[in-house]
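Visitor: Sharing a structure with you now.
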Amino acid sequence: AAAAAAGDDYDDDDGVCAAGSMGSMTMNNISSVADMQSFLDMSRADPTMVLLGDNLVAQPRKVQRIQIDYAKAAKKMDVKKLKAGIWSVLVSPSEKENAPTPEKEQPKKIDVQDGCAGTHSFKSLYETLPGQISSNMTKNLSVPIAFVCLLHLANEKNLKVSGVDGRSDLLVTQDG
């Protein structure tokens, strides 16, 4: 009390409230609901008053708005037909396996139930896929959609999807 009488209080008595105080009422001496209501009423009366204290954080720095281009219309894709198209590419032998070799003149016909025929590249799968699906689906096809459908097939058909060195492509093989 002696320090407050000597002028050592936070309030300079110049009509401007110090940080964290409102006249004689501060956040630290609110003890009842009535005191809290009175404090809130005073803060509404002077909206320019900023309450600062040890437990409050500074306003975050604002960043410039950046333009992100994204698709404005949703793409419609029949996932069942897309997965069937991907599977038909996977069960057919890849181009490397189609080349005749001395001990193997004709590649063996792969039944759909047999599984994935050899190793397939995701790039070549994606390039071959438009021939397996409708033109409308081809127009809406994207790498992320094809990749998600491949992951679904990998789960359903026990396929192994592995990356190559340099992460430039994925290899799809039958697991087990």
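Chain labels A, B, ... are given in the sequence in which chains occur in the structure tokens; within each chain residues are numbered consecutively from 1, and ligands are likewise numbered from 1 in the order shown.
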Fewer than 4 positions away in the same chain doesn't count, so skip those; otherwise give me all residues within 10 Å of Ser142 in chain A, counting only C-alpha atoms, as a PyMOL selection string.
Guide: chain A and resi 75+126+137-138+146-147
Visitor: Could you tell me how far CA of Asp175 in chain A lies from CA of Lys160 in chain A, in Å and to one decimal?
Guide: 5.2 Å
Visitor: If you count only C-alpha atoms, which residues fall within 6 Å of Leu171 in chain A, apart from same-chain ones fewer than 5 positions away, as a count of residues only?
Guide: 4
Visitor: List the neighbours of Ile86 in chain A out to 12 Å using only C-alpha atoms; skip same-chain residues closer than 4 positions along the sequence, and give me the result as JSON, numbers by chain.
Guide: {"A": [79, 80, 81, 82, 90, 91, 92, 112, 116, 120, 121, 122, 124, 125, 126, 127, 128, 129, 130, 131, 132, 133, 145, 146, 147, 148, 149, 150, 151, 152, 153, 154, 157, 172]}
